[in-house]
Structures are given as structure tokens and as C-alpha cells.
Amino acid sequence: MSCTYLATGATGNTGKTIVSILLSHGHKVHAIVRNPSSRAAQAIASSGATLFQGDFASPSSLSSAASGCNGLFLITIPGPDAVTFVQNALTAFLGCCAPDPTVVLMGSIFQDDATTALVQSPNSGLPDKPPHEFVKGYWSMTDAVERAVKESRFPHWTILRPAWYMSNYLDFAVRPIHWPALAPEKKLVAGVLPATPFEMIDPSDIGTFAAYALTEKGEPRWEHKCLALASELLTLEGKARIMSHVSGIEVKAVYLQEDEAARFAEEDFVGYLHFWQRVTAPKVNMDDMRAYGFKLGSFEEYLTRNKERLLLALNDDSVAQRGLSSEEILEGAGQHGH
Ligand SMILES: NC(=O)c1ccc[n+]([C@@H]2O[C@H](COP(=O)([O-])OP(=O)(O)OC[C@H]3O[C@@H](n4cnc5c(N)ncnc54)[C@H](OP(=O)(O)O)[C@@H]3O)[C@@H](O)[C@H]2O)c1
């Protein structure tokens, strides 16, 4: 049976895949975009999605897109308005959707009962460390967003908690925050141990999980589940080796000593999350991931598919200072990174 789904974040890393899977399965997709004439919006329109100009800040702009839809893919926009945005979307959708709807929320792997408990207690779970203020705010926000979905009147919901995106190494806005030494020094610097696994996900894999959670409504594997997701577990050294192999440029893994890692954790939210990984077990069991039966992307495949963006990320930091995203640069050059 053909259904209609509303995709928010449809032009983003994850949303693009959700749109393409839903359309390829014969469903209709309504996509909320802030600027229908943007390249990304035009790309999903030409693949068959119907565009609706809308913004989470304006509930009335979301209602017409939700009319008659059977399910909602809901992205979180981190920041002070995150909870209001999610509540606006849930209310607008429930006001005019088809009966018995589903919502799939994109959250984060760093949200679970343990992090919720930590935000509520003065103990950070890390030796001698109060929670980093930014991380505390992020955990509080993701907890509140998840509660908004669980306590909503949606009969069916699934919360996806994806791991670190593989795109964090390429996106010009994100990479300098996570990996500031990557472009200037060709180094991945982290406050983890050589054996610490980084849980990583190809954003397209999140799209696959989201599309199936929407279309397999009520199936026990999705119904009222919070699912931590990863495509691959890699050490810092393993990531550096793959980046070097795909790019042909040597990338080194640099492990901070324990005292440096502890200082990094106090100064910087990324440092805090590295330290967190250093002392906690992975949240994802890859056997459980494979049991879903979907093909999971590897970091090597992801980088190979996006090799032009990888080379830009490793070679030219100045483009970021000119305010261009790597996709805009590649599109300008007539190439395409996906
Ligand atoms: N990076 C990581 O490692 C990581 C890990 C776990 C979870 N996450 C979560 O992943 C999410 C980001 O997902 P993504 O990478 O797929 O998205 P993305 O590529 O960053 O794109 C953001 C999307 O949100 C839309 N958007 C932004 N502000 C909006 C607004 N005010 N109203 C309506 N739409 C708006 C944009 O649409 P238009 O610009 O077209 O309007 C765009 O489609 C965040 O919630 C983040 O916390 C990230």
C-alpha cells in the first residue's frame, strides 16, 4: 500500500536517503525545506518529493505539509529551541495527519538512561570531573526531545540514536570542531586509548533504518524502541589508516596521555566525549546491528564514495574560511559528493 510520509531535515545528510528509499518503495514524500530553490531542495524535488516551505519555528508552516501523512521523520536541531521545534512539529503533524500515525525521531547515541541520570546528579561518571557544561546541556536537550516524543499522542514511535557520523571528517562546518588538526597537520588527535573503539555511522544507514521504521509500522523491532545505531567500530589508528589509504595522504593517529586527555575533557566538549568513551563500554553490539539484515556502510566505502570531499578536507582549509561547504565547492566544479 502506498503511503505518504513527511520528512523534516530532508535536504540533510540523513534525510536525503530517507526520501530516496521511501520514493523507491512507491511511497509519496512531503519534504519540509526552508528554501525550496536551494540546490539540495531542488535535488530532492527532481527525485519525486513534494516540497513544502516550512520552518520548525513556525508551526503553521508545518501543518499543510503534514496533511494526510501517515508518518513523520523528525530531525532534532540542536540548540536552545530544540525542544520547542520538536513540540511544534509533533503538534502540527497530529493536527492534520492520517489516522494511526508513526513518528521516527533522530536523536543521538550519547543519550541513554545513564546520561540522563548523570545530568540529574552532580557526579559526571568520570573521575574528578563535573559534566562539561555543553555536554550537560546537550544531554538535557536530547532527553527532553525524546520525552516529548514518548509522551506525545503518537500511537507508534521509534527513536534512533546514531553514533558519530562518518561525515564529521568531511563537513566543513563540523570537522574543525571535532578534528581541528586534520587539515593543517594531517593528524587525528583524541583523548582515547589505542584500543578504544569509536562507534561510527554512515548517515545513509540512519536513513535506511528510519525509512524501514516508518514503513514497517507496529513491527516489534521498531515499536516504542530506542535504538543505538552504528555501521562500524574503529580505533583511532584504524580510522587514520583508512583515511591514508583512500586519500593517498598520510594521516596519523595521535593519542593524548591521560593527563592531557583529562585537561582536554575539562576544556572542550569533544574532549569530554573522548574521555567518556575512554572509560565506558561501547553502546552498540555489531552482531545486533547485522541482525537487522541491512547492508551497513564501512568508513572505507564512505570515504571512497566521497573522495573529492576527503581530498578537499585534507588539502584546503581556506575554503571553509570563505564560508563555502564542501558540497557547494564540488557542485561549483561540476562534481558531486554524496
Ligand atoms: N554529527 C554527528 O556525529 C551526530 C551524531 C549523532 C546525532 N547527530 C544529530 O544529527 C542531526 C543532524 O542530522 P543531519 O546531519 O542529517 O542533518 P544536516 O545535514 O545537518 O541538515 C540539517 C537539516 O535540518 C534542516 N533544518 C535546519 N534548521 C531547520 C529549521 N529551523 N526548520 C526546518 N528545518 C531545518 C535543514 O533543512 P534546510 O536547510 O533545507 O531547510 C537540513 O535538512 C542533529 O540532530 C545531530 O544532533 C549528529
# chains A, B, ... in the order shown; residues from 1 in each chain; ligands from 1
$ residues_around --residues "A:Lys283" --least-positions-apart "6" --cutoff "10 Å" --atoms "only C-alpha atoms" --output "number ranges by chain"
A: 109-110, 112, 163, 199, 227-230, 277
$ write_last_selection --atoms "C-alpha atoms" --output "mmCIF file, in the first residue's frame"
data_model
loop_
_atom_site.group_PDB
_atom_site.id
_atom_site.type_symbol
_atom_site.label_atom_id
_atom_site.label_comp_id
_atom_site.auth_asym_id
_atom_site.auth_seq_id
_atom_site.Cartn_x
_atom_site.Cartn_y
_atom_site.Cartn_z
ATOM 1 C CA ILE A 109 23.924 7.707 20.775
ATOM 2 C CA PHE A 110 25.069 9.870 23.663
ATOM 3 C CA ASP A 112 20.509 6.961 27.318
ATOM 4 C CA ALA A 163 26.748 7.121 16.607
ATOM 5 C CA GLU A 199 31.240 3.871 17.103
ATOM 6 C CA LEU A 227 17.894 2.047 19.157
ATOM 7 C CA ALA A 228 21.608 2.864 19.398
ATOM 8 C CA LEU A 229 22.979 2.604 15.840
ATOM 9 C CA ALA A 230 26.452 2.220 14.334
ATOM 10 C CA GLN A 277 34.436 6.802 25.576
#
$ closest_atom_pairs --of "stretch 184-236 of chain A" --to "stretch 260-276 of chain A" --cutoff "10 Å" --atoms "only C-alpha atoms" --output "JSON lines"
{"residue": "A:Val189", "atom": "CA", "partner": "A:Gly271", "partner_atom": "CA", "distance": 9.9}
{"residue": "A:Ala190", "atom": "CA", "partner": "A:His274", "partner_atom": "CA", "distance": 6.5}
{"residue": "A:Gly191", "atom": "CA", "partner": "A:Ala261", "partner_atom": "CA", "distance": 4.4}
{"residue": "A:Val192", "atom": "CA", "partner": "A:His274", "partner_atom": "CA", "distance": 5.7}
{"residue": "A:Leu193", "atom": "CA", "partner": "A:Phe275", "partner_atom": "CA", "distance": 9.2}
{"residue": "A:Thr196", "atom": "CA", "partner": "A:His274", "partner_atom": "CA", "distance": 9.3}
{"residue": "A:Phe198", "atom": "CA", "partner": "A:His274", "partner_atom": "CA", "distance": 9.1}
$ write_last_selection --atoms "N, CA and C atoms" --output "short mmCIF file (atom, residue, chain, number, x, y, z; two decimals), in the first residue's frame"
data_model
loop_
_atom_site.label_atom_id
_atom_site.label_comp_id
_atom_site.auth_asym_id
_atom_site.auth_seq_id
_atom_site.Cartn_x
_atom_site.Cartn_y
_atom_site.Cartn_z
N VAL A 189 43.66 13.72 16.48
CA VAL A 189 44.11 13.79 17.88
C VAL A 189 42.93 13.49 18.78
N ALA A 190 43.09 12.54 19.71
CA ALA A 190 41.95 12.18 20.57
C ALA A 190 42.43 11.75 21.95
N GLY A 191 41.56 11.97 22.93
CA GLY A 191 41.87 11.59 24.31
C GLY A 191 41.38 10.19 24.63
N VAL A 192 41.60 9.28 23.70
CA VAL A 192 41.15 7.89 23.90
C VAL A 192 42.38 6.98 24.03
N LEU A 193 42.13 5.71 24.30
CA LEU A 193 43.22 4.72 24.36
C LEU A 193 43.34 4.02 23.00
N THR A 196 40.42 1.89 22.29
CA THR A 196 39.05 2.42 22.41
C THR A 196 38.36 2.40 21.05
N PHE A 198 35.75 3.69 18.37
CA PHE A 198 34.80 4.77 18.04
C PHE A 198 33.63 4.11 17.31
#
$ select_by_dssp --residues "stretch 65-292 of chain A" --states "strand (DSSP E)" --output "mmCIF file with C-alpha atoms, in the first residue's frame"
data_model
loop_
_atom_site.group_PDB
_atom_site.id
_atom_site.type_symbol
_atom_site.label_atom_id
_atom_site.label_comp_id
_atom_site.auth_asym_id
_atom_site.auth_seq_id
_atom_site.Cartn_x
_atom_site.Cartn_y
_atom_site.Cartn_z
ATOM 1 C CA GLY A 71 4.250 9.108 9.336
ATOM 2 C CA LEU A 72 6.784 11.739 10.303
ATOM 3 C CA PHE A 73 10.579 11.655 10.237
ATOM 4 C CA LEU A 74 11.682 14.198 12.800
ATOM 5 C CA THR A 102 4.099 6.865 13.259
ATOM 6 C CA VAL A 103 6.952 9.156 14.253
ATOM 7 C CA VAL A 104 10.650 8.363 13.929
ATOM 8 C CA LEU A 105 12.904 10.733 15.846
ATOM 9 C CA MET A 106 16.591 11.181 15.171
ATOM 10 C CA HIS A 156 3.716 4.365 17.124
ATOM 11 C CA TRP A 157 7.191 5.786 17.689
ATOM 12 C CA THR A 158 10.822 4.805 17.242
ATOM 13 C CA ILE A 159 13.821 6.758 18.490
ATOM 14 C CA LEU A 160 17.070 6.298 16.575
ATOM 15 C CA ARG A 161 20.266 7.081 18.473
ATOM 16 C CA PRO A 162 23.022 7.240 15.842
ATOM 17 C CA TRP A 164 29.404 9.597 15.380
ATOM 18 C CA TYR A 165 28.708 10.478 11.756
ATOM 19 C CA LYS A 187 46.500 14.278 12.410
ATOM 20 C CA LEU A 188 43.549 12.770 14.253
ATOM 21 C CA VAL A 189 44.113 13.787 17.878
ATOM 22 C CA ALA A 190 41.953 12.182 20.573
ATOM 23 C CA PHE A 198 34.801 4.767 18.036
ATOM 24 C CA GLU A 199 31.240 3.871 17.103
ATOM 25 C CA MET A 200 30.736 5.353 13.645
ATOM 26 C CA ILE A 201 27.809 5.533 11.273
ATOM 27 C CA LYS A 225 12.128 1.257 20.780
ATOM 28 C CA CYS A 226 15.164 3.481 21.395
ATOM 29 C CA LEU A 227 17.894 2.047 19.157
ATOM 30 C CA ALA A 228 21.608 2.864 19.398
ATOM 31 C CA LEU A 229 22.979 2.604 15.840
ATOM 32 C CA GLU A 232 31.302 0.140 12.150
ATOM 33 C CA LEU A 233 33.559 0.217 15.214
ATOM 34 C CA LEU A 234 37.058 1.578 14.549
ATOM 35 C CA LYS A 252 48.472 9.998 11.761
ATOM 36 C CA ALA A 253 46.632 8.926 14.903
ATOM 37 C CA VAL A 254 47.780 10.848 17.978
ATOM 38 C CA TYR A 255 46.742 9.591 21.429
#
$ residues_near_ligand --ligand "ligand 1" --cutoff "7 Å" --atoms "only C-alpha atoms and all ligand atoms" --output "count of residues only"
33
$ atom_distance --atom1 "atom CA of A:Ala183" --atom2 "atom CA of A:Ser247"
12.6 Å
$ select_by_dssp --residues "stretch 44-158 of chain A" --states "alpha helix (DSSP H)" --output "VMD selection string"
chain A and resid 44 to 46 59 to 66 82 to 96 113 to 120 133 to 150
$ closest_residue --among "A:Asn285, A:Asn70, A:Gln87, A:Asn315" --to "A:Pro99" --atoms "only C-alpha atoms"
A:Asn70
$ residues_around --residues "stretch 294-298 of chain A" --least-positions-apart "4" --cutoff "12 Å" --atoms "only C-alpha atoms" --output "CSV table (one decimal) with C-alpha atoms, in the first residue's frame"
chain,number,residue,atom,x,y,z
A,165,TYR,CA,28.7,10.5,11.8
A,166,MET,CA,31.3,9.5,9.2
A,199,GLU,CA,31.2,3.9,17.1
A,200,MET,CA,30.7,5.4,13.6
A,201,ILE,CA,27.8,5.5,11.3
A,202,ASP,CA,27.3,6.3,7.6
A,203,PRO,CA,24.4,8.8,7.7
A,204,SER,CA,22.8,6.8,4.8
A,205,ASP,CA,22.5,3.9,7.2
A,206,ILE,CA,20.4,6.0,9.6
A,207,GLY,CA,18.3,6.9,6.6
A,208,THR,CA,17.7,3.1,5.9
A,209,PHE,CA,16.7,2.4,9.5
A,210,ALA,CA,14.4,5.4,9.6
A,211,ALA,CA,12.7,4.6,6.3
A,212,TYR,CA,12.0,1.0,7.5
A,229,LEU,CA,23.0,2.6,15.8
A,230,ALA,CA,26.5,2.2,14.3
A,231,SER,CA,27.8,1.0,11.0
A,232,GLU,CA,31.3,0.1,12.2
A,233,LEU,CA,33.6,0.2,15.2
A,234,LEU,CA,37.1,1.6,14.5
A,238,GLY,CA,42.1,2.2,12.2
A,239,LYS,CA,40.4,5.4,11.0
A,242,ILE,CA,41.7,4.1,6.1
A,286,MET,CA,27.6,-5.0,15.9
A,287,ASP,CA,26.0,-8.5,15.8
A,288,ASP,CA,22.7,-6.9,16.8
A,289,MET,CA,23.2,-4.3,14.0
A,290,ARG,CA,23.8,-7.0,11.4
A,302,TYR,CA,32.0,6.1,2.7
A,303,LEU,CA,35.4,7.9,2.1
A,304,THR,CA,35.8,6.3,-1.4
A,305,ARG,CA,32.3,7.5,-2.4
$ residues_around --residues "A:Ser2" --least-positions-apart "2" --cutoff "8 Å" --atoms "only C-alpha atoms" --output "PyMOL selection string"
chain A and resi 4+26-28
$ closest_residue --among "A:Ala43, A:Ala144, A:Leu6, A:Val135" --to "A:Cys97" --atoms "only C-alpha atoms"
A:Leu6
$ closest_residue --among "A:Leu23, A:Ala7, A:Asp100, A:Val83" --to "A:Ala65" --atoms "only C-alpha atoms"
A:Ala7
$ closest_residue --among "A:Asn306, A:Leu314, A:Leu22, A:Thr116" --to "A:Pro184" --atoms "only C-alpha atoms"
A:Leu314
$ atom_distance --atom1 "atom CA of A:Ala31" --atom2 "atom CA of A:Phe52"
5.9 Å
$ closest_residue --among "A:Ala89, A:Gly293, A:Leu236, A:Val284" --to "A:Ser152" --atoms "only C-alpha atoms"
A:Ala89
$ residues_around --residues "A:Val145" --least-positions-apart "4" --cutoff "7 Å" --atoms "only C-alpha atoms" --output "list in words"
Val83, Val86, Met141 and Val149 of chain A
$ atom_distance --atom1 "atom CA of A:Ala240" --atom2 "atom CA of A:Glu258"
20.6 Å
$ closest_residue --among "A:Phe299, A:Phe154, A:Trp139, A:Tyr169" --to "A:Leu94" --atoms "only C-alpha atoms"
A:Phe154
$ decode --residues "stretch 145-162 of chain A" --atoms "C-alpha atoms" --output "PDB file, in the first residue's frame"
ATOM      1  CA  VAL A 145      13.274  15.844  22.995  1.00  0.00           C
ATOM      2  CA  GLU A 146      12.948  12.085  23.460  1.00  0.00           C
ATOM      3  CA  ARG A 147      10.415  12.586  26.268  1.00  0.00           C
ATOM      4  CA  ALA A 148       8.350  14.884  24.029  1.00  0.00           C
ATOM      5  CA  VAL A 149       8.047  12.030  21.516  1.00  0.00           C
ATOM      6  CA  LYS A 150       7.378   9.285  24.098  1.00  0.00           C
ATOM      7  CA  GLU A 151       4.715  11.386  25.832  1.00  0.00           C
ATOM      8  CA  SER A 152       3.050  12.555  22.592  1.00  0.00           C
ATOM      9  CA  ARG A 153      -0.219  11.118  21.284  1.00  0.00           C
ATOM     10  CA  PHE A 154       1.539   9.190  18.504  1.00  0.00           C
ATOM     11  CA  PRO A 155       0.481   5.537  18.790  1.00  0.00           C
ATOM     12  CA  HIS A 156       3.716   4.365  17.124  1.00  0.00           C
ATOM     13  CA  TRP A 157       7.191   5.786  17.689  1.00  0.00           C
ATOM     14  CA  THR A 158      10.822   4.805  17.242  1.00  0.00           C
ATOM     15  CA  ILE A 159      13.821   6.758  18.490  1.00  0.00           C
ATOM     16  CA  LEU A 160      17.070   6.298  16.575  1.00  0.00           C
ATOM     17  CA  ARG A 161      20.266   7.081  18.473  1.00  0.00           C
ATOM     18  CA  PRO A 162      23.022   7.240  15.842  1.00  0.00           C
TER      19      PRO A 162
END
